[in-house]
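Colleague: Here it is, the structure in full.
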Amino acid sequence: MTLIEVKGITKKFDDSWALKDINFSANKGDFITLLGPSGCGKSTLLNLIAGFLSPTSGSIEVNGSDISHLTPENRDSAMCFQSYALFPHLSVLENIAFGPKQKKVPNKEVVKRLNSLLQQVGLTEHKNKLPNKLSGGQQQRVALARALAVQPSLVLFDEPLSNLDAKLRDQVRIEIRALQKELGFTAIYVTHDQSEALAMSDKVLLLNNGVIEQAGTPEEVYFSPKTEFVANFIGAANVHRVKITSINNSAISVMLGTELVEFESANYKDLKVGQEISICWRPEVARLWTEKLLLDNDNRYNKIRAQFVSSAFQGAYTDVFIKIKGEEKIFKLQLPRYPDLKTGQEINFSLPKDSILIVEKV
Amino acid sequence: MKKPWWVVLLLITPGFGFVLLLIGAVVSMAVAQSIGFYNFAGESQFSLEHWQQIINGDGSRRFWRAFRYSAYIASYSAILSVIIAYPIALWLRKPFKGSITLSAILKAPMLVHGLVAAFLMINVISYHGFINEFMIWSGLWDKPVRMQNDKLGIGVIFLQVWKQMPFALLLLSGSVQNLSDSVLDAAQDLGAGSIARFRKVVLPLTLQSLQAALILIFIGAAGDFSFQKVAGPTAENSMATLMIYVQTDVGDWNGAAVIAIMLMVLALFGSLAVAIVAKYVSRVATL
């Protein structure tokens, strides 16, 4: 059942467009993430849904009724702010009770909700403390409990984890998702962190320059990026502009610098020899040829010669930066082990043919 | 390493001691004079006679009237000043075109001396002042209306508010501008309308500035001399005008010192009372 439907929303600030013709919908219980770089319009979209901004055109419907004209206090949504936005003069308990009291919820019901939420977010023993006596993670939990206390149809999250350290971020991320599944509320979550978006969402809307570049499940946007921007933004894929040298049914050949690269494409009928296309591949699909113990005649893989430039140890994997002869760009491989390579050393790496995708040029 | 108390005392003596000396000298002088010492018209010796005369004797009725009048003027001036300053501070919270100029204009009365302000006010409200002249010229009034030296001291309160409101605005603007947008947004998002947001978020979070404004305005208005002298009701004395009258016209320096001490008491306890009431109101508003 559709809970929220955003129809043709545009927002203009003075002379610049913040959002252009945004359309999407979310079902009850969905976890939708608005992902994108700074200035892409994701927070503007969230503020339009919350009612802090009015759209230039278009409408927002919740449960079939247009709420575009309603002020935030009259909408059935609650927001978790980036800075937590807890009331500094009120205790944890009073912060959480603020919303229900404003909405004139009977006292008995308020107490019931408070007890249940304090238990759910694990803050019962801190209920009488002021926010400044809590850690960042605890403050974020209070903010979440405060939003949930009004039992909104829609919970809006504006980069709620960006002020937490990496370890705590992972922990609170899991807690938010678990709570969302348990209570079944619909969530719209804004973040610029792709790992957050991929880990938490049922659906990701990737925004760029005020438009939705791609919408889909985390798997879809990661494994089947539609544009150069999506490929680059999610997972930092290697993207190249190349010319097609031959088309043999669905097998496409292109030159990557001096190296011949082959891959399969279902859309081969729309392509022509000599046409410039944009292709992408994920850094983690490549392996050093020696590492893979492949036979030289295994035609599922491209064997590409390159020069080792540098590496960066990341713990669980190593980022290896390479240069392909005839290409200006530096490419990245993500290898599971730390390779013993020297700058300038020639290497061969494998690139599975089925891992190369054609993406739209931006 | 923790310093011994006498080292700390020695370290703060140059600053704190100087302030204490200046304030202490004046206050102790007034106290001493009120209990019979430094008597310029008679024998200097300890006596509570001046207190008896002013507070409970022949002049007590006039004294208590002046006390009540000063408390009334000070309370109304302080409360009205912050009531007017609050919405302006909130309005100017977010910069807009011309807001800096507007803010500067609103604070301009702080640069005008009280006596000059009183004089200008008289020009406006006197029997042949601008308002009366204009109303008669426009045909709205047949004859001039008496506005100067009104019985309720409204002219004095008006002048006090005109002069002190910018001061309240200055104090409140600072703390209102420090309010986080997201905290106000959160309150709205959770269902609080504009009045609820003011009561439950703005007021408690700016309470200290509010109290500071109330205290300072109350003290200033309680001790007012110039506005009362120029624009105040002729039948009423403020504590300051009564003190000068007792000192110069009656020649009772010790009696004037009693009034001075009581003026300090009024300023201290009156301002504290206003601040406590403000805190109580804020607490009730938050419930």
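In the structure tokens, the first chain shown is A, the next is B, and so on; residue numbers restart at 1 for each chain, and ligands run from 1 in the order shown.
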Could you tell me which residues of chain A sit within 9 Å of chain B when counting only C-alpha atoms, and give me the result as a tab-separated table (two decimals) with C-alpha atoms, in the first residue's frame?
Modeller:
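Everything below was put into part_36.tsv:
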chain	number	residue	atom	x	y	z
A	50	ALA	CA	8.69	17.59	6.37
A	51	GLY	CA	7.02	20.89	5.44
A	52	PHE	CA	9.90	23.23	6.26
A	71	THR	CA	2.80	23.28	8.00
A	72	PRO	CA	5.27	20.85	9.64
A	73	GLU	CA	3.33	20.74	12.92
A	74	ASN	CA	0.26	19.54	11.06
A	75	ARG	CA	1.97	16.73	9.14
A	77	SER	CA	5.80	12.88	10.06
A	78	ALA	CA	8.71	13.33	12.46
A	79	MET	CA	12.31	14.10	11.75
A	80	CYS	CA	15.63	12.96	13.21
A	81	PHE	CA	18.04	15.80	12.68
A	82	GLN	CA	21.71	15.66	11.79
A	83	SER	CA	22.61	17.64	14.91
A	84	TYR	CA	20.07	15.63	16.98
A	85	ALA	CA	18.29	18.95	17.80
A	86	LEU	CA	17.43	17.80	21.30
A	87	PHE	CA	15.96	20.42	23.60
A	88	PRO	CA	18.94	21.23	25.83
A	89	HIS	CA	16.81	22.40	28.76
A	98	PHE	CA	7.47	16.72	23.96
A	99	GLY	CA	5.77	15.50	20.77
A	100	PRO	CA	2.96	13.45	22.33
A	101	LYS	CA	2.15	16.37	24.68
A	102	GLN	CA	1.94	18.75	21.72
A	103	LYS	CA	-0.33	16.31	19.94
A	146	ARG	CA	11.47	11.45	20.36
A	147	ALA	CA	10.50	11.13	16.69
A	150	VAL	CA	4.44	10.77	18.09
Colleague: Near Lys353 of chain A, within 6 Å and counting only C-alpha atoms, which residues show up once chain neighbours fewer than 5 positions away are dropped, as JSON, numbers by chain?
Modeller: {"A": [263, 300, 301]}
Colleague: List as JSON, numbers by chain the protein and nucleic acid residues near Ser43 of chain A, meaning an atom at most 9 Å away when only C-alpha atoms are counted, but skip any in the same chain fewer than 2 places from it.
Modeller: {"A": [34, 39, 40, 41, 45, 46, 47, 48, 158, 159, 190, 191]}
Colleague: Taking 3 positions as the minimum chain separation for residues in the same chain, which residues sit within 9 Å of Ala74 of chain B when counting only C-alpha atoms? Answer as a list in words.
Modeller: Tyr69, Ser70, Ala71, Ser77, Ala78, Ile79, Ile157, Gln160, Ile217, Phe218, Ile219, Gly220, Ala221, Ala222, Gly223, Asp224, Ala267, Gly270 and Ser271 of chain B
Colleague: Residues within 12 Å of Ser135 of chain A, please, as a PyMOL selection string. Count only C-alpha atoms; anything in the same chain fewer than 3 positions from it doesn't count.
Modeller: chain A and resi 84+123+126+129-132+138-142+163-165+168
Colleague: Take the residues from that selection and write them out as a compact mmCIF listing (two decimals), in the first residue's frame, keeping N, CA, C and O atoms.
Modeller:
# COMPACT_ATOMS: atom_id res chain seq x y z
N TYR A 84 20.96 16.20 15.96
CA TYR A 84 20.07 15.63 16.98
C TYR A 84 18.95 16.60 17.36
O TYR A 84 17.82 16.18 17.55
N LEU A 123 17.62 3.45 27.05
CA LEU A 123 18.00 4.67 27.79
C LEU A 123 17.22 4.83 29.10
O LEU A 123 17.20 5.93 29.66
N HIS A 126 18.98 6.48 31.85
CA HIS A 126 19.42 7.85 31.60
C HIS A 126 18.26 8.82 31.46
O HIS A 126 18.44 9.95 31.05
N LYS A 129 18.45 12.45 32.71
CA LYS A 129 19.64 13.25 32.37
C LYS A 129 19.32 14.29 31.31
O LYS A 129 18.44 14.09 30.47
N LEU A 130 20.09 15.38 31.35
CA LEU A 130 19.97 16.38 30.28
C LEU A 130 20.78 15.90 29.08
O LEU A 130 21.75 15.14 29.26
N PRO A 131 20.43 16.34 27.87
CA PRO A 131 21.14 15.84 26.68
C PRO A 131 22.66 16.02 26.74
O PRO A 131 23.39 15.18 26.24
N ASN A 132 23.12 17.11 27.37
CA ASN A 132 24.58 17.33 27.36
C ASN A 132 25.33 16.34 28.26
O ASN A 132 26.56 16.35 28.29
N GLN A 138 24.02 8.06 22.30
CA GLN A 138 22.83 8.11 23.18
C GLN A 138 21.92 9.26 22.75
O GLN A 138 20.70 9.12 22.72
N GLN A 139 22.52 10.40 22.40
CA GLN A 139 21.71 11.55 21.95
C GLN A 139 20.94 11.18 20.68
O GLN A 139 19.78 11.56 20.53
N GLN A 140 21.60 10.44 19.80
CA GLN A 140 20.93 10.04 18.57
C GLN A 140 19.76 9.12 18.87
O GLN A 140 18.71 9.20 18.25
N ARG A 141 19.93 8.26 19.86
CA ARG A 141 18.84 7.36 20.25
C ARG A 141 17.67 8.14 20.85
O ARG A 141 16.51 7.82 20.60
N VAL A 142 18.00 9.18 21.62
CA VAL A 142 16.93 10.02 22.18
C VAL A 142 16.16 10.68 21.04
O VAL A 142 14.93 10.73 21.03
N ASN A 163 27.47 12.72 12.63
CA ASN A 163 28.29 13.26 13.73
C ASN A 163 28.87 12.17 14.63
O ASN A 163 29.48 12.48 15.65
N LEU A 164 28.64 10.92 14.26
CA LEU A 164 29.14 9.82 15.11
C LEU A 164 30.44 9.26 14.54
O LEU A 164 30.68 9.34 13.33
N ASP A 165 31.24 8.66 15.41
CA ASP A 165 32.47 8.05 14.89
C ASP A 165 32.12 6.76 14.15
O ASP A 165 31.01 6.23 14.29
N LEU A 168 30.61 3.63 16.03
CA LEU A 168 29.29 3.92 16.58
C LEU A 168 28.26 4.05 15.45
O LEU A 168 27.11 3.65 15.58
Colleague: Any idea what's packed within 12 Å of segment 357-360 of chain A, counting only C-alpha atoms, ignoring anything in its chain fewer than 2 positions away? Could you give it as a PDB file with C-alpha atoms, in the first residue's frame?
Modeller:
ATOM      1  CA  GLU A 213      19.762   9.777 -11.533  1.00  0.00           C
ATOM      2  CA  GLN A 214      18.661   6.270 -10.611  1.00  0.00           C
ATOM      3  CA  VAL A 221      22.109   0.640  -8.211  1.00  0.00           C
ATOM      4  CA  TYR A 222      25.356  -1.082  -7.273  1.00  0.00           C
ATOM      5  CA  PHE A 223      25.501  -3.828  -9.860  1.00  0.00           C
ATOM      6  CA  SER A 224      23.612  -2.109 -12.680  1.00  0.00           C
ATOM      7  CA  PRO A 225      24.454   1.586 -12.590  1.00  0.00           C
ATOM      8  CA  LYS A 226      22.738   3.458 -15.386  1.00  0.00           C
ATOM      9  CA  THR A 227      24.990   6.484 -15.649  1.00  0.00           C
ATOM     10  CA  GLU A 228      28.641   7.428 -15.219  1.00  0.00           C
ATOM     11  CA  PHE A 229      27.637   9.420 -12.147  1.00  0.00           C
ATOM     12  CA  VAL A 230      25.920   6.465 -10.448  1.00  0.00           C
ATOM     13  CA  ALA A 231      28.838   4.157 -11.244  1.00  0.00           C
ATOM     14  CA  ASN A 232      31.293   6.681  -9.874  1.00  0.00           C
ATOM     15  CA  ALA A 237      33.760   2.250 -10.195  1.00  0.00           C
ATOM     16  CA  ASN A 238      36.382   2.657 -12.894  1.00  0.00           C
ATOM     17  CA  VAL A 239      34.655   4.535 -15.705  1.00  0.00           C
ATOM     18  CA  HIS A 240      36.198   5.038 -19.165  1.00  0.00           C
ATOM     19  CA  ARG A 241      35.152   6.575 -22.415  1.00  0.00           C
ATOM     20  CA  VAL A 242      36.134   4.134 -25.159  1.00  0.00           C
ATOM     21  CA  LYS A 243      35.499   3.558 -28.891  1.00  0.00           C
ATOM     22  CA  ILE A 244      33.939   0.336 -30.116  1.00  0.00           C
ATOM     23  CA  ILE A 252      31.668  -5.939 -27.936  1.00  0.00           C
ATOM     24  CA  VAL A 254      36.883  -1.818 -27.240  1.00  0.00           C
ATOM     25  CA  VAL A 261      38.895  -5.452 -23.826  1.00  0.00           C
ATOM     26  CA  GLU A 262      35.862  -7.578 -24.599  1.00  0.00           C
ATOM     27  CA  PHE A 263      32.515  -7.751 -22.901  1.00  0.00           C
ATOM     28  CA  GLU A 264      28.916  -8.740 -23.490  1.00  0.00           C
ATOM     29  CA  SER A 265      26.030  -6.315 -23.945  1.00  0.00           C
ATOM     30  CA  ALA A 266      22.357  -7.082 -24.435  1.00  0.00           C
ATOM     31  CA  ASN A 267      21.914  -3.732 -26.174  1.00  0.00           C
ATOM     32  CA  TYR A 268      24.440  -4.481 -28.916  1.00  0.00           C
ATOM     33  CA  ASP A 270      21.866  -0.038 -30.692  1.00  0.00           C
ATOM     34  CA  LEU A 271      25.655   0.173 -30.956  1.00  0.00           C
ATOM     35  CA  GLU A 276      32.184   6.341 -28.301  1.00  0.00           C
ATOM     36  CA  ILE A 277      30.642   4.697 -25.255  1.00  0.00           C
ATOM     37  CA  SER A 278      31.176   4.819 -21.537  1.00  0.00           C
ATOM     38  CA  ILE A 279      31.985   1.577 -19.753  1.00  0.00           C
ATOM     39  CA  CYS A 280      32.493   0.828 -16.091  1.00  0.00           C
ATOM     40  CA  TRP A 281      33.773  -1.984 -13.900  1.00  0.00           C
ATOM     41  CA  ARG A 282      34.062  -2.369 -10.170  1.00  0.00           C
ATOM     42  CA  LEU A 351      38.784  -8.464 -15.683  1.00  0.00           C
ATOM     43  CA  PRO A 352      35.706 -10.730 -16.037  1.00  0.00           C
ATOM     44  CA  LYS A 353      33.902 -10.007 -19.282  1.00  0.00           C
ATOM     45  CA  ASP A 354      30.507 -10.147 -17.601  1.00  0.00           C
ATOM     46  CA  SER A 355      31.486  -7.471 -15.080  1.00  0.00           C
ATOM     47  CA  VAL A 362      26.879  12.467 -18.293  1.00  0.00           C
TER      48      VAL A 362
END
Colleague: Using the chain letters and numbers from this document, which residues of segment 113-268 of chain A does DSSP assign to strand (DSSP E or B), as a ChimeraX atom specification?
Modeller: /A:154-158,186-191,203-208,211-216,227,238-248,251-256,259-264
Colleague: Those residues you just picked out, can you put them in a file as a CSV table (one decimal), in the first residue's frame with N, CA and C atoms?
Modeller:
chain,number,residue,atom,x,y,z
A,154,LEU,N,5.4,8.5,8.9
A,154,LEU,CA,6.7,8.7,8.2
A,154,LEU,C,7.8,9.2,9.1
A,155,VAL,N,8.9,8.6,9.2
A,155,VAL,CA,10.0,9.1,10.0
A,155,VAL,C,11.1,9.5,9.0
A,156,LEU,N,11.5,10.8,9.1
A,156,LEU,CA,12.5,11.4,8.2
A,156,LEU,C,13.8,11.5,8.9
A,157,PHE,N,14.9,11.0,8.3
A,157,PHE,CA,16.2,11.1,8.9
A,157,PHE,C,17.1,12.0,8.0
A,158,ASP,N,17.6,13.0,8.6
A,158,ASP,CA,18.5,13.9,7.9
A,158,ASP,C,20.0,13.7,8.3
A,186,THR,N,7.5,3.8,8.1
A,186,THR,CA,8.1,4.1,6.9
A,186,THR,C,9.2,5.1,7.1
A,187,ALA,N,10.4,4.9,6.5
A,187,ALA,CA,11.5,5.8,6.8
A,187,ALA,C,12.0,6.4,5.5
A,188,ILE,N,12.3,7.7,5.5
A,188,ILE,CA,13.0,8.3,4.4
A,188,ILE,C,14.3,8.9,5.0
A,189,TYR,N,15.4,8.4,4.5
A,189,TYR,CA,16.7,8.6,5.1
A,189,TYR,C,17.6,9.3,4.1
A,190,VAL,N,18.1,10.4,4.6
A,190,VAL,CA,19.1,11.2,3.7
A,190,VAL,C,20.5,10.9,4.2
A,191,THR,N,21.3,10.6,3.2
A,191,THR,CA,22.8,10.4,3.5
A,191,THR,C,23.6,10.7,2.3
A,203,LYS,N,15.1,0.7,-0.8
A,203,LYS,CA,15.2,1.4,-2.1
A,203,LYS,C,16.1,2.6,-2.0
A,204,VAL,N,16.9,2.8,-3.0
A,204,VAL,CA,17.8,3.9,-3.0
A,204,VAL,C,17.5,4.9,-4.1
A,205,LEU,N,17.3,6.2,-3.8
A,205,LEU,CA,17.1,7.2,-4.8
A,205,LEU,C,18.4,8.0,-4.9
A,206,LEU,N,19.1,7.9,-6.0
A,206,LEU,CA,20.4,8.6,-6.1
A,206,LEU,C,20.2,9.9,-6.8
A,207,LEU,N,20.4,11.0,-6.1
A,207,LEU,CA,20.2,12.3,-6.7
A,207,LEU,C,21.5,13.0,-7.1
A,208,ASN,N,21.3,13.8,-8.2
A,208,ASN,CA,22.5,14.6,-8.7
A,208,ASN,C,21.9,15.8,-9.3
A,211,VAL,N,18.1,16.1,-9.7
A,211,VAL,CA,17.3,15.1,-10.4
A,211,VAL,C,17.6,13.7,-9.9
A,212,ILE,N,16.7,12.8,-10.0
A,212,ILE,CA,17.0,11.4,-9.6
A,212,ILE,C,17.7,10.8,-10.7
A,213,GLU,N,19.0,10.4,-10.5
A,213,GLU,CA,19.8,9.8,-11.5
A,213,GLU,C,19.3,8.3,-11.7
A,214,GLN,N,19.1,7.7,-10.6
A,214,GLN,CA,18.7,6.3,-10.6
A,214,GLN,C,17.9,5.9,-9.3
A,215,ALA,N,16.9,5.1,-9.5
A,215,ALA,CA,16.2,4.6,-8.3
A,215,ALA,C,16.1,3.1,-8.4
A,216,GLY,N,16.3,2.5,-7.3
A,216,GLY,CA,16.2,1.0,-7.3
A,216,GLY,C,16.7,0.4,-6.0
A,227,THR,N,24.2,5.4,-15.1
A,227,THR,CA,25.0,6.5,-15.6
A,227,THR,C,26.4,6.5,-15.1
A,238,ASN,N,35.5,2.1,-11.9
A,238,ASN,CA,36.4,2.7,-12.9
A,238,ASN,C,35.5,2.9,-14.1
A,239,VAL,N,35.5,4.2,-14.6
A,239,VAL,CA,34.7,4.5,-15.7
A,239,VAL,C,35.6,5.1,-16.8
A,240,HIS,N,35.4,4.5,-18.0
A,240,HIS,CA,36.2,5.0,-19.2
A,240,HIS,C,35.3,5.3,-20.4
A,241,ARG,N,35.8,6.3,-21.1
A,241,ARG,CA,35.2,6.6,-22.4
A,241,ARG,C,36.0,5.8,-23.4
A,242,VAL,N,35.4,4.9,-24.2
A,242,VAL,CA,36.1,4.1,-25.2
A,242,VAL,C,35.4,4.1,-26.5
A,243,LYS,N,36.1,3.7,-27.6
A,243,LYS,CA,35.5,3.6,-28.9
A,243,LYS,C,35.3,2.1,-29.2
A,244,ILE,N,34.2,1.7,-29.8
A,244,ILE,CA,33.9,0.3,-30.1
A,244,ILE,C,34.8,0.0,-31.3
A,245,THR,N,35.5,-1.1,-31.2
A,245,THR,CA,36.3,-1.6,-32.4
A,245,THR,C,35.7,-2.7,-33.2
A,246,SER,N,34.9,-3.5,-32.5
A,246,SER,CA,34.1,-4.5,-33.2
A,246,SER,C,32.9,-5.0,-32.4
A,247,ILE,N,31.9,-5.4,-33.2
A,247,ILE,CA,30.7,-6.0,-32.6
A,247,ILE,C,30.4,-7.3,-33.2
A,248,ASN,N,30.4,-8.3,-32.4
A,248,ASN,CA,30.2,-9.7,-32.9
A,248,ASN,C,29.0,-10.3,-32.1
A,251,ALA,N,28.9,-9.7,-28.3
A,251,ALA,CA,30.3,-9.5,-27.8
A,251,ALA,C,30.8,-8.2,-28.4
A,252,ILE,N,31.2,-7.3,-27.5
A,252,ILE,CA,31.7,-5.9,-27.9
A,252,ILE,C,33.2,-5.9,-27.6
A,253,SER,N,33.9,-5.3,-28.5
A,253,SER,CA,35.4,-5.1,-28.3
A,253,SER,C,35.7,-3.6,-28.3
A,254,VAL,N,36.5,-3.2,-27.3
A,254,VAL,CA,36.9,-1.8,-27.2
A,254,VAL,C,38.4,-1.8,-26.9
A,255,MET,N,39.0,-0.7,-27.2
A,255,MET,CA,40.4,-0.5,-26.8
A,255,MET,C,40.5,0.3,-25.6
A,256,LEU,N,41.2,-0.2,-24.6
A,256,LEU,CA,41.4,0.5,-23.3
A,256,LEU,C,42.9,0.9,-23.4
A,259,GLU,N,45.2,-1.8,-24.8
A,259,GLU,CA,44.7,-3.1,-24.4
A,259,GLU,C,43.3,-3.4,-25.0
A,260,LEU,N,43.2,-4.6,-25.6
A,260,LEU,CA,41.9,-5.0,-26.1
A,260,LEU,C,41.0,-5.5,-25.0
A,261,VAL,N,39.8,-5.0,-24.9
A,261,VAL,CA,38.9,-5.5,-23.8
A,261,VAL,C,37.6,-5.9,-24.5
A,262,GLU,N,37.1,-7.1,-24.1
A,262,GLU,CA,35.9,-7.6,-24.6
A,262,GLU,C,34.8,-7.7,-23.5
A,263,PHE,N,33.6,-7.5,-23.9
A,263,PHE,CA,32.5,-7.8,-22.9
A,263,PHE,C,31.2,-8.0,-23.6
A,264,GLU,N,30.2,-8.4,-22.9
A,264,GLU,CA,28.9,-8.7,-23.5
A,264,GLU,C,27.9,-7.6,-23.2
Colleague: Looking only at the backbone, which of the residues in segment 124-256 of chain B does DSSP tag as alpha helix (DSSP H), as number ranges by chain?
Modeller: B: 124-125, 130-138, 154-177, 181-189, 194-197, 203-205, 207-222, 226-231, 239-244, 253-256
Colleague: Tell me which protein, DNA and RNA residues are within 7 Å of Lys325 of chain A, counting only C-alpha atoms, leaving out same-chain ones fewer than 5 positions away, and put them as a list in words.
Modeller: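 My list of contacting residues is Gly257, Thr258 and Ala306 of chain A.
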Colleague: Any chance you could export the current selection's all heavy atoms as a short mmCIF file (atom, residue, chain, number, x, y, z; two decimals), in the first residue's frame?
Modeller:
data_model
loop_
_atom_site.label_atom_id
_atom_site.label_comp_id
_atom_site.auth_asym_id
_atom_site.auth_seq_id
_atom_site.Cartn_x
_atom_site.Cartn_y
_atom_site.Cartn_z
N GLY A 257 43.20 2.05 -23.85
CA GLY A 257 44.60 2.38 -24.12
C GLY A 257 45.10 1.47 -25.23
O GLY A 257 44.49 1.41 -26.30
N THR A 258 46.13 0.70 -24.93
CA THR A 258 46.64 -0.24 -25.94
C THR A 258 46.06 -1.64 -25.76
O THR A 258 46.40 -2.54 -26.50
CB THR A 258 48.18 -0.32 -25.81
OG1 THR A 258 48.48 -0.69 -24.46
CG2 THR A 258 48.86 0.98 -26.16
N ALA A 306 49.24 -3.70 -17.29
CA ALA A 306 49.23 -2.36 -16.69
C ALA A 306 50.51 -2.15 -15.89
O ALA A 306 51.32 -3.08 -15.75
CB ALA A 306 48.02 -2.22 -15.77
#
Colleague: For the atom pair atom CA of Arg199 of chain B and atom CA of Tyr76 of chain B, what is the interatomic distance in Å to one decimal place?
Modeller: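 Atom CA of Tyr76 of chain B lies 20.9 Å from atom CA of Arg199 of chain B.
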Colleague: Could you work out how far atom CA of Ala117 of chain B lies from atom CA of Tyr245 of chain B, giving the answer in Å with one decimal?
Modeller: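 Separation between atom CA of Tyr245 of chain B and atom CA of Ala117 of chain B: 22.9 Å.
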Colleague: Go ahead and compute the interatomic distance for atom CA of Ile4 of chain A and atom CA of Glu196 of chain A, in Å to one decimal.
Modeller: 22.2 Å
Colleague: Tell me which of B:Pro144, B:Leu272, B:Gly114, B:Gln208 sits closest to Phe130 of chain B, counting only C-alpha atoms.
Modeller: B:Pro144
Colleague: Pick out the closest residue to Thr2 of chain A from this set: A:Lys127, A:Asp170, A:Ser153, A:Glu94. Count only C-alpha atoms.
Modeller: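 Going through A:Lys127, A:Asp170, A:Ser153, A:Glu94 one by one, the smallest distance to Thr2 of chain A is for A:Ser153.
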